[in-house]
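Next up, structure12.cif (mmCIF, C-alpha atoms; chains and numbers go by the auth columns):
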```cif
data_structure
loop_
_atom_site.group_PDB
_atom_site.id
_atom_site.type_symbol
_atom_site.label_atom_id
_atom_site.label_comp_id
_atom_site.label_asym_id
_atom_site.label_seq_id
_atom_site.Cartn_x
_atom_site.Cartn_y
_atom_site.Cartn_z
_atom_site.B_iso_or_equiv
_atom_site.auth_seq_id
_atom_site.auth_asym_id
ATOM 1 C CA MET A 1 -2.789 24.367 -9.094 0.00 24 J
ATOM 2 C CA ARG A 2 -0.930 21.282 -7.937 0.00 25 J
ATOM 3 C CA ASP A 3 -1.176 18.017 -9.802 0.00 26 J
ATOM 4 C CA LYS A 4 -2.606 14.921 -8.247 0.00 27 J
ATOM 5 C CA VAL A 5 -0.002 12.323 -7.309 0.00 28 J
ATOM 6 C CA THR A 6 -0.735 8.943 -8.829 0.00 29 J
ATOM 7 C CA THR A 7 0.685 5.709 -7.528 0.00 30 J
ATOM 8 C CA LYS A 8 1.279 2.392 -9.207 0.00 31 J
ATOM 9 C CA ARG A 9 2.317 -0.742 -7.362 0.00 32 J
ATOM 10 C CA THR A 10 5.293 -2.354 -9.097 0.00 33 J
ATOM 11 C CA GLY A 11 6.007 -5.205 -6.739 0.00 34 J
ATOM 12 C CA GLU A 12 5.532 -6.584 -3.263 0.00 35 J
ATOM 13 C CA ASN A 13 7.405 -3.703 -1.659 0.00 36 J
ATOM 14 C CA SER A 14 7.661 -0.976 -4.282 0.00 37 J
ATOM 15 C CA MET A 15 5.604 1.700 -6.013 0.00 38 J
ATOM 16 C CA VAL A 16 5.979 4.423 -8.615 0.00 39 J
ATOM 17 C CA PHE A 17 4.735 7.904 -7.736 0.00 40 J
ATOM 18 C CA SER A 18 4.052 10.247 -10.641 0.00 41 J
ATOM 19 C CA ASP A 19 2.091 13.286 -11.716 0.00 42 J
ATOM 20 C CA SER A 20 0.784 14.793 -14.942 0.00 43 J
ATOM 21 C CA SER A 21 4.034 16.657 -15.662 0.00 44 J
ATOM 22 C CA ARG A 22 5.781 13.305 -16.294 0.00 45 J
ATOM 23 C CA ARG A 23 7.717 13.271 -13.056 0.00 46 J
ATOM 24 C CA SER A 24 8.008 9.790 -11.616 0.00 47 J
ATOM 25 C CA VAL A 25 9.924 8.437 -8.665 0.00 48 J
ATOM 26 C CA ARG A 26 10.253 4.777 -7.750 0.00 49 J
ATOM 27 C CA VAL A 27 9.967 4.039 -4.032 0.00 50 J
ATOM 28 C CA VAL A 28 11.067 0.824 -2.323 0.00 51 J
ATOM 29 C CA TYR A 29 9.791 0.022 1.154 0.00 52 J
ATOM 30 C CA GLU A 30 11.856 -1.490 3.938 0.00 53 J
ATOM 31 C CA PRO A 31 10.302 -4.293 6.031 0.00 54 J
ATOM 32 C CA ASP A 32 9.324 -1.744 8.704 0.00 55 J
ATOM 33 C CA GLY A 33 7.524 0.413 6.091 0.00 56 J
ATOM 34 C CA THR A 34 10.232 3.076 5.727 0.00 57 J
ATOM 35 C CA PRO A 35 10.185 4.425 2.159 0.00 58 J
ATOM 36 C CA LEU A 36 13.466 4.682 0.233 0.00 59 J
ATOM 37 C CA TYR A 37 13.392 6.932 -2.834 0.00 60 J
ATOM 38 C CA CYS A 38 15.329 6.006 -5.975 0.00 61 J
ATOM 39 C CA ALA A 39 18.077 8.625 -6.111 0.00 62 J
ATOM 40 C CA SER A 40 18.528 8.556 -9.893 0.00 63 J
ATOM 41 C CA ASP A 41 14.787 9.169 -10.376 0.00 64 J
ATOM 42 C CA MET A 42 14.979 12.173 -8.053 0.00 65 J
ATOM 43 C CA ALA A 43 18.023 13.573 -9.876 0.00 66 J
ATOM 44 C CA ALA A 44 16.367 13.027 -13.269 0.00 67 J
ATOM 45 C CA CYS A 45 13.264 14.897 -12.076 0.00 68 J
ATOM 46 C CA MET A 46 15.541 17.700 -10.926 0.00 69 J
ATOM 47 C CA GLY A 47 16.811 18.031 -14.505 0.00 70 J
ATOM 48 C CA TYR A 48 20.304 16.580 -14.220 0.00 71 J
ATOM 49 C CA GLU A 49 21.627 15.307 -17.557 0.00 72 J
ATOM 50 C CA ALA A 50 23.631 12.559 -15.805 0.00 73 J
ATOM 51 C CA PRO A 51 21.652 11.604 -12.689 0.00 74 J
ATOM 52 C CA THR A 52 24.135 8.960 -11.505 0.00 75 J
ATOM 53 C CA LYS A 53 27.030 11.427 -11.605 0.00 76 J
ATOM 54 C CA ALA A 54 24.939 14.032 -9.805 0.00 77 J
ATOM 55 C CA ILE A 55 24.224 11.544 -7.026 0.00 78 J
ATOM 56 C CA ALA A 56 27.916 10.672 -6.698 0.00 79 J
ATOM 57 C CA ARG A 57 28.948 14.331 -6.580 0.00 80 J
ATOM 58 C CA ALA A 58 26.335 15.179 -3.964 0.00 81 J
ATOM 59 C CA GLY A 59 28.023 12.750 -1.542 0.00 82 J
ATOM 60 C CA ILE A 60 24.870 12.224 0.509 0.00 83 J
ATOM 61 C CA ARG A 61 25.043 9.572 3.207 0.00 84 J
ATOM 62 C CA PRO A 62 23.578 7.204 4.104 0.00 85 J
ATOM 63 C CA GLN A 63 22.937 5.610 0.753 0.00 86 J
ATOM 64 C CA TYR A 64 20.974 2.400 0.496 0.00 87 J
ATOM 65 C CA ARG A 65 21.513 -0.055 -2.351 0.00 88 J
ATOM 66 C CA ARG A 66 18.239 -1.763 -3.165 0.00 89 J
ATOM 67 C CA PHE A 67 16.773 -3.647 -6.082 0.00 90 J
ATOM 68 C CA VAL A 68 14.332 -1.309 -7.763 0.00 91 J
ATOM 69 C CA PRO A 69 11.863 -2.541 -10.398 0.00 92 J
ATOM 70 C CA TRP A 70 11.808 -1.036 -13.878 0.00 93 J
ATOM 71 C CA VAL A 71 9.328 -1.433 -16.708 0.00 94 J
ATOM 72 C CA SER A 72 9.726 -0.655 -20.386 0.00 95 J
ATOM 73 C CA LYS A 73 7.238 -1.252 -23.182 0.00 96 J
ATOM 74 C CA ARG A 74 8.259 -4.872 -23.727 0.00 97 J
ATOM 75 C CA LYS A 75 10.312 -5.843 -20.701 0.00 98 J
ATOM 76 C CA ARG A 76 10.401 -5.560 -16.961 0.00 99 J
ATOM 77 C CA GLY A 77 12.998 -6.349 -14.369 0.00 100 J
ATOM 78 C CA ARG A 78 14.848 -5.207 -11.282 0.00 101 J
ATOM 79 C CA SER A 79 18.181 -3.466 -11.040 0.00 102 J
ATOM 80 C CA GLU A 80 20.280 -2.354 -8.129 0.00 103 J
ATOM 81 C CA ALA A 81 20.019 1.374 -7.485 0.00 104 J
ATOM 82 C CA ILE A 82 21.058 3.891 -4.873 0.00 105 J
ATOM 83 C CA CYS A 83 18.158 5.033 -2.725 0.00 106 J
ATOM 84 C CA PHE A 84 17.783 7.779 -0.146 0.00 107 J
ATOM 85 C CA ASP A 85 15.608 8.025 2.908 0.00 108 J
ATOM 86 C CA ARG A 86 13.636 11.214 3.640 0.00 109 J
ATOM 87 C CA ASP A 87 16.699 13.051 5.016 0.00 110 J
ATOM 88 C CA GLY A 88 18.735 12.138 1.945 0.00 111 J
ATOM 89 C CA VAL A 89 16.024 13.445 -0.373 0.00 112 J
ATOM 90 C CA GLU A 90 15.890 16.728 1.539 0.00 113 J
ATOM 91 C CA ARG A 91 19.694 17.061 1.299 0.00 114 J
ATOM 92 C CA LEU A 92 19.568 16.324 -2.440 0.00 115 J
ATOM 93 C CA LEU A 93 17.004 19.096 -2.870 0.00 116 J
ATOM 94 C CA GLU A 94 19.447 21.494 -1.205 0.00 117 J
ATOM 95 C CA HIS A 95 21.955 20.818 -4.018 0.00 118 J
ATOM 96 C CA GLY A 96 19.790 22.531 -6.573 0.00 119 J
ATOM 97 C CA VAL A 97 16.107 22.419 -7.360 0.00 120 J
ATOM 98 C CA PRO A 98 14.933 23.361 -10.853 0.00 121 J
ATOM 99 C CA SER A 99 11.763 24.939 -9.538 0.00 122 J
ATOM 100 C CA GLU A 100 9.918 25.667 -6.349 0.00 123 J
ATOM 101 C CA GLU A 101 7.020 23.669 -7.773 0.00 124 J
ATOM 102 C CA PHE A 102 9.154 20.506 -7.818 0.00 125 J
ATOM 103 C CA GLU A 103 10.301 21.043 -4.238 0.00 126 J
ATOM 104 C CA VAL A 104 6.688 21.537 -3.131 0.00 127 J
ATOM 105 C CA TRP A 105 5.639 18.378 -4.991 0.00 128 J
ATOM 106 C CA VAL A 106 8.353 16.333 -3.271 0.00 129 J
ATOM 107 C CA LEU A 107 7.993 17.748 0.242 0.00 130 J
ATOM 108 C CA GLU A 108 4.220 18.183 0.391 0.00 131 J
ATOM 109 C CA ASP A 109 2.898 15.438 -1.876 0.00 132 J
ATOM 110 C CA LEU A 110 5.420 12.690 -2.621 0.00 133 J
ATOM 111 C CA ILE A 111 7.046 12.166 0.782 0.00 134 J
ATOM 112 C CA PRO A 112 3.842 12.369 2.893 0.00 135 J
ATOM 113 C CA ARG A 113 1.978 10.016 0.552 0.00 136 J
ATOM 114 C CA ALA A 114 4.882 7.524 0.452 0.00 137 J
ATOM 115 C CA GLU A 115 5.189 7.579 4.248 0.00 138 J
ATOM 116 C CA ALA A 116 1.431 7.076 4.697 0.00 139 J
ATOM 117 C CA ILE A 117 1.492 4.081 2.379 0.00 140 J
ATOM 118 C CA GLY A 118 4.540 2.731 4.205 0.00 141 J
ATOM 119 C CA ARG A 119 2.672 2.861 7.507 0.00 142 J
ATOM 120 C CA GLU A 120 -0.220 0.938 5.968 0.00 143 J
ATOM 121 C CA MET A 121 1.918 -1.441 3.977 0.00 144 J
ATOM 122 C CA VAL A 122 2.220 -4.751 5.697 0.00 145 J
ATOM 123 C CA TYR A 123 4.090 -7.565 4.134 0.00 146 J
ATOM 124 C CA ARG A 124 5.709 -10.544 5.711 0.00 147 J
ATOM 125 C CA TYR A 125 9.460 -10.372 5.914 0.00 148 J
ATOM 126 C CA GLU A 126 11.493 -13.083 7.543 0.00 149 J
ATOM 127 C CA GLU A 127 15.217 -13.214 7.886 0.00 150 J
ATOM 128 C CA PRO A 128 16.505 -16.434 6.361 0.00 151 J
ATOM 129 C CA THR A 129 17.496 -18.892 9.045 0.00 152 J
ATOM 130 C CA PRO A 130 20.975 -20.308 8.578 0.00 153 J
ATOM 131 C CA GLU A 131 21.280 -24.038 8.312 0.00 154 J
ATOM 132 C CA PRO A 132 23.142 -25.697 11.169 0.00 155 J
ATOM 133 C CA GLN A 133 26.781 -26.341 10.351 0.00 156 J
ATOM 134 C CA GLY A 134 28.218 -29.792 10.865 0.00 157 J
ATOM 135 C CA GLU A 135 24.926 -31.472 11.722 0.00 158 J
ATOM 136 C CA ARG A 136 23.527 -34.162 9.470 0.00 159 J
ATOM 137 C CA ASP A 137 20.101 -35.624 9.162 0.00 160 J
ATOM 138 C CA ALA A 138 19.524 -38.957 10.866 0.00 161 J
ATOM 139 C CA THR A 139 18.303 -40.446 7.588 0.00 162 J
ATOM 140 C CA PRO A 140 20.825 -40.468 4.746 0.00 163 J
ATOM 141 C CA SER A 141 19.751 -39.175 1.385 0.00 164 J
ATOM 142 C CA GLY A 142 19.504 -41.345 -1.707 0.00 165 J
ATOM 143 C CA ILE A 143 22.932 -40.331 -2.978 0.00 166 J
ATOM 144 C CA GLU A 144 24.558 -41.302 0.315 0.00 167 J
ATOM 145 C CA ASP A 145 22.962 -44.764 0.086 0.00 168 J
ATOM 146 C CA LEU A 146 24.267 -45.111 -3.461 0.00 169 J
ATOM 147 C CA LEU A 147 27.797 -44.102 -2.422 0.00 170 J
ATOM 148 C CA ASP A 148 27.715 -46.582 0.473 0.00 171 J
ATOM 149 C CA ALA A 149 26.674 -49.346 -1.918 0.00 172 J
ATOM 150 C CA ILE A 150 29.470 -48.452 -4.355 0.00 173 J
ATOM 151 C CA MET A 151 32.045 -48.413 -1.552 0.00 174 J
ATOM 152 C CA LEU A 152 30.826 -51.797 -0.347 0.00 175 J
ATOM 153 C CA ASP A 153 31.128 -53.187 -3.887 0.00 176 J
ATOM 154 C CA VAL A 154 34.688 -51.801 -4.140 0.00 177 J
ATOM 155 C CA LEU A 155 35.668 -53.414 -0.825 0.00 178 J
ATOM 156 C CA MET A 156 34.148 -56.727 -1.865 0.00 179 J
ATOM 157 C CA LEU A 157 35.948 -56.555 -5.208 0.00 180 J
ATOM 158 C CA LYS A 158 39.220 -55.746 -3.453 0.00 181 J
ATOM 159 C CA LYS A 159 38.744 -58.724 -1.120 0.00 182 J
ATOM 160 C CA ALA A 160 37.991 -61.021 -4.073 0.00 183 J
ATOM 161 C CA VAL A 161 41.105 -59.808 -5.936 0.00 184 J
ATOM 162 C CA ARG A 162 43.294 -60.472 -2.867 0.00 185 J
ATOM 163 C CA GLN A 163 41.918 -63.974 -2.436 0.00 186 J
ATOM 164 C CA GLY A 164 42.495 -64.721 -6.115 0.00 187 J
ATOM 165 C CA LEU A 165 46.159 -63.754 -5.923 0.00 188 J
#
```
Once more with this new file: its structure as structure tokens, please.
Amino acid sequence: MRDKVTTKRTGENSMVFSDSSRRSVRVVYEPDGTPLYCASDMAACMGYEAPTKAIARAGIRPQYRRFVPWVSKRKRGRSEAICFDRDGVERLLEHGVPSEEFEVWVLEDLIPRAEAIGREMVYRYEEPTPEPQGERDATPSGIEDLLDAIMLDVLMLKKAVRQGL
């Protein structure tokens, strides 16, 4: 009997997928809804003692570096991690799966559920607009006014010193 996949939202564009056998995989969603699976989570679920080394040795491309949230008992944060798309996950599974049950969980439960959520997930993503180079506002800021006043005072002082000599 297969376990039910549970999901937990961990941020605006990320979730954790887990089951009762303590497998958990963090998934980060691209702006278009494409799920990217945390590679070290996948390798840890596969039983690798050193998941990061296993990922490096697998040599799977493309790799995506994304900030993935993490939560411990007292702290939470985000760290940069290597993520794979669906094809990358399938290639990682080819490198050695600890059990057929795990492969079934990933291919029949995890990936379809993550992709379905990605299709439904809508969040606003806007590329930052670059500020125009070389253009200045018509109204000077307060610091510019202050600098102008200081420069005027310096010029007036210089003129007064010249006249006094």
Q.
Quick check, in Å to one decimal: how far apart do atom CA of Ser122 of chain J and atom CA of Ala81 of chain J lie?
A.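 Going from atom CA of Ser122 of chain J over to atom CA of Ala81 of chain J covers 18.4 Å.
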**Q.** Residue nearest Cys106 of chain J - candidates J:Ala183, J:Ile173, J:Ile140, J:Ala79, atoms counted: all atoms listed in the file
**A.**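 Closest to Cys106 of chain J, using all atoms listed in the file: J:Ala79.
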Q) For Arg46 of chain J, which residue out of J:Leu133, J:Met174, J:Ile105, J:Val184 is the nearest one, using all atoms listed in the file? A) J:Leu133
Q) In Å, with one decimal, what is the gap from atom CA of Phe107 of chain J to atom CA of Pro85 of chain J? A) 7.2 Å
Q: Decode the PyMOL selection byres ((chain J and resi 142) around 12) for the given file into explicit residues and return them as a ChimeraX atom specification.
A: /J:52-58,135-141,143-146
Atoms kept (C-alpha atoms) for selection, written as a compact mmCIF listing (two decimals), in the coordinates of the input:
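Generated output (again-v6.txt):
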```
# COMPACT_ATOMS: atom_id res chain seq x y z
CA TYR J 52 9.79 0.02 1.15
CA GLU J 53 11.86 -1.49 3.94
CA PRO J 54 10.30 -4.29 6.03
CA ASP J 55 9.32 -1.74 8.70
CA GLY J 56 7.52 0.41 6.09
CA THR J 57 10.23 3.08 5.73
CA PRO J 58 10.18 4.42 2.16
CA PRO J 135 3.84 12.37 2.89
CA ARG J 136 1.98 10.02 0.55
CA ALA J 137 4.88 7.52 0.45
CA GLU J 138 5.19 7.58 4.25
CA ALA J 139 1.43 7.08 4.70
CA ILE J 140 1.49 4.08 2.38
CA GLY J 141 4.54 2.73 4.20
CA GLU J 143 -0.22 0.94 5.97
CA MET J 144 1.92 -1.44 3.98
CA VAL J 145 2.22 -4.75 5.70
CA TYR J 146 4.09 -7.56 4.13
```
(Q) Could you tell me how far atom CA of Gly70 of chain J sits from atom CA of Gly119 of chain J, in Å to one decimal place? (A)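 Interatomic distance here is 9.6 Å.
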Q.
Set the distance at 10 Å and use only C-alpha atoms: which residues neighbour Glu103 of chain J once local chain neighbours fewer than 2 positions away are removed? I'd like the list as a ChimeraX atom specification.
A. /J:61,87-92,101,105-106
Selected residues written out, C-alpha atoms, as an mmCIF file, in the frame of the given file:
```
data_model
loop_
_atom_site.group_PDB
_atom_site.id
_atom_site.type_symbol
_atom_site.label_atom_id
_atom_site.label_comp_id
_atom_site.auth_asym_id
_atom_site.auth_seq_id
_atom_site.Cartn_x
_atom_site.Cartn_y
_atom_site.Cartn_z
ATOM 1 C CA CYS J 61 15.329 6.006 -5.975
ATOM 2 C CA TYR J 87 20.974 2.400 0.496
ATOM 3 C CA ARG J 88 21.513 -0.055 -2.351
ATOM 4 C CA ARG J 89 18.239 -1.763 -3.165
ATOM 5 C CA PHE J 90 16.773 -3.647 -6.082
ATOM 6 C CA VAL J 91 14.332 -1.309 -7.763
ATOM 7 C CA PRO J 92 11.863 -2.541 -10.398
ATOM 8 C CA ARG J 101 14.848 -5.207 -11.282
ATOM 9 C CA ILE J 105 21.058 3.891 -4.873
ATOM 10 C CA CYS J 106 18.158 5.033 -2.725
#
```
Q. Using all atoms listed in the file, which of J:Glu117, J:Glu72, J:Asp176, J:Asp110 sits nearest Arg84 of chain J?
A.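 Of all the options, J:Asp110 lies closest to Arg84 of chain J.
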When the PyMOL selection byres ((chain J and resi 66) around 10) is applied to the structure above, which residues does it catch, written out as an mmCIF file with C-alpha atoms, in the coordinates of the input?
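Saved result, result_22.cif, follows:
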```cif
data_model
loop_
_atom_site.group_PDB
_atom_site.id
_atom_site.type_symbol
_atom_site.label_atom_id
_atom_site.label_comp_id
_atom_site.auth_asym_id
_atom_site.auth_seq_id
_atom_site.Cartn_x
_atom_site.Cartn_y
_atom_site.Cartn_z
ATOM 1 C CA VAL J 48 9.924 8.437 -8.665
ATOM 2 C CA CYS J 61 15.329 6.006 -5.975
ATOM 3 C CA ALA J 62 18.077 8.625 -6.111
ATOM 4 C CA SER J 63 18.528 8.556 -9.893
ATOM 5 C CA ASP J 64 14.787 9.169 -10.376
ATOM 6 C CA MET J 65 14.979 12.173 -8.053
ATOM 7 C CA ALA J 67 16.367 13.027 -13.269
ATOM 8 C CA CYS J 68 13.264 14.897 -12.076
ATOM 9 C CA MET J 69 15.541 17.700 -10.926
ATOM 10 C CA GLY J 70 16.811 18.031 -14.505
ATOM 11 C CA TYR J 71 20.304 16.580 -14.220
ATOM 12 C CA GLU J 72 21.627 15.307 -17.557
ATOM 13 C CA ALA J 73 23.631 12.559 -15.805
ATOM 14 C CA PRO J 74 21.652 11.604 -12.689
ATOM 15 C CA THR J 75 24.135 8.960 -11.505
ATOM 16 C CA LYS J 76 27.030 11.427 -11.605
ATOM 17 C CA ALA J 77 24.939 14.032 -9.805
ATOM 18 C CA ILE J 78 24.224 11.544 -7.026
ATOM 19 C CA VAL J 112 16.024 13.445 -0.373
ATOM 20 C CA LEU J 115 19.568 16.324 -2.440
ATOM 21 C CA LEU J 116 17.004 19.096 -2.870
ATOM 22 C CA GLY J 119 19.790 22.531 -6.573
ATOM 23 C CA VAL J 120 16.107 22.419 -7.360
#
```
Quick one: what's the axis-aligned box for segment 177-186 of chain J, all listed atoms, 8 Å on every side, centre and edges in Å to one decimal, as lines of an AutoDock Vina configuration file?
```
center_x = 38.7
center_y = -57.9
center_z = -3.4
size_x = 25.1
size_y = 28.2
size_z = 21.1
```
Q. Given the choices J:Val51, J:Tyr60, J:Ala104, J:Gly111, which gets closest to Ile83 of chain J if the distance is worked out from only C-alpha atoms?
A.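 For Ile83 of chain J, the nearest of the candidates is J:Gly111.
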Q. Which residue gives the smallest distance to Ile134 of chain J among J:Ser37, J:Leu178, J:Arg99, J:Arg109, with all atoms listed in the file counted?
A.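 Among the listed residues, the smallest separation from Ile134 of chain J belongs to J:Arg109.
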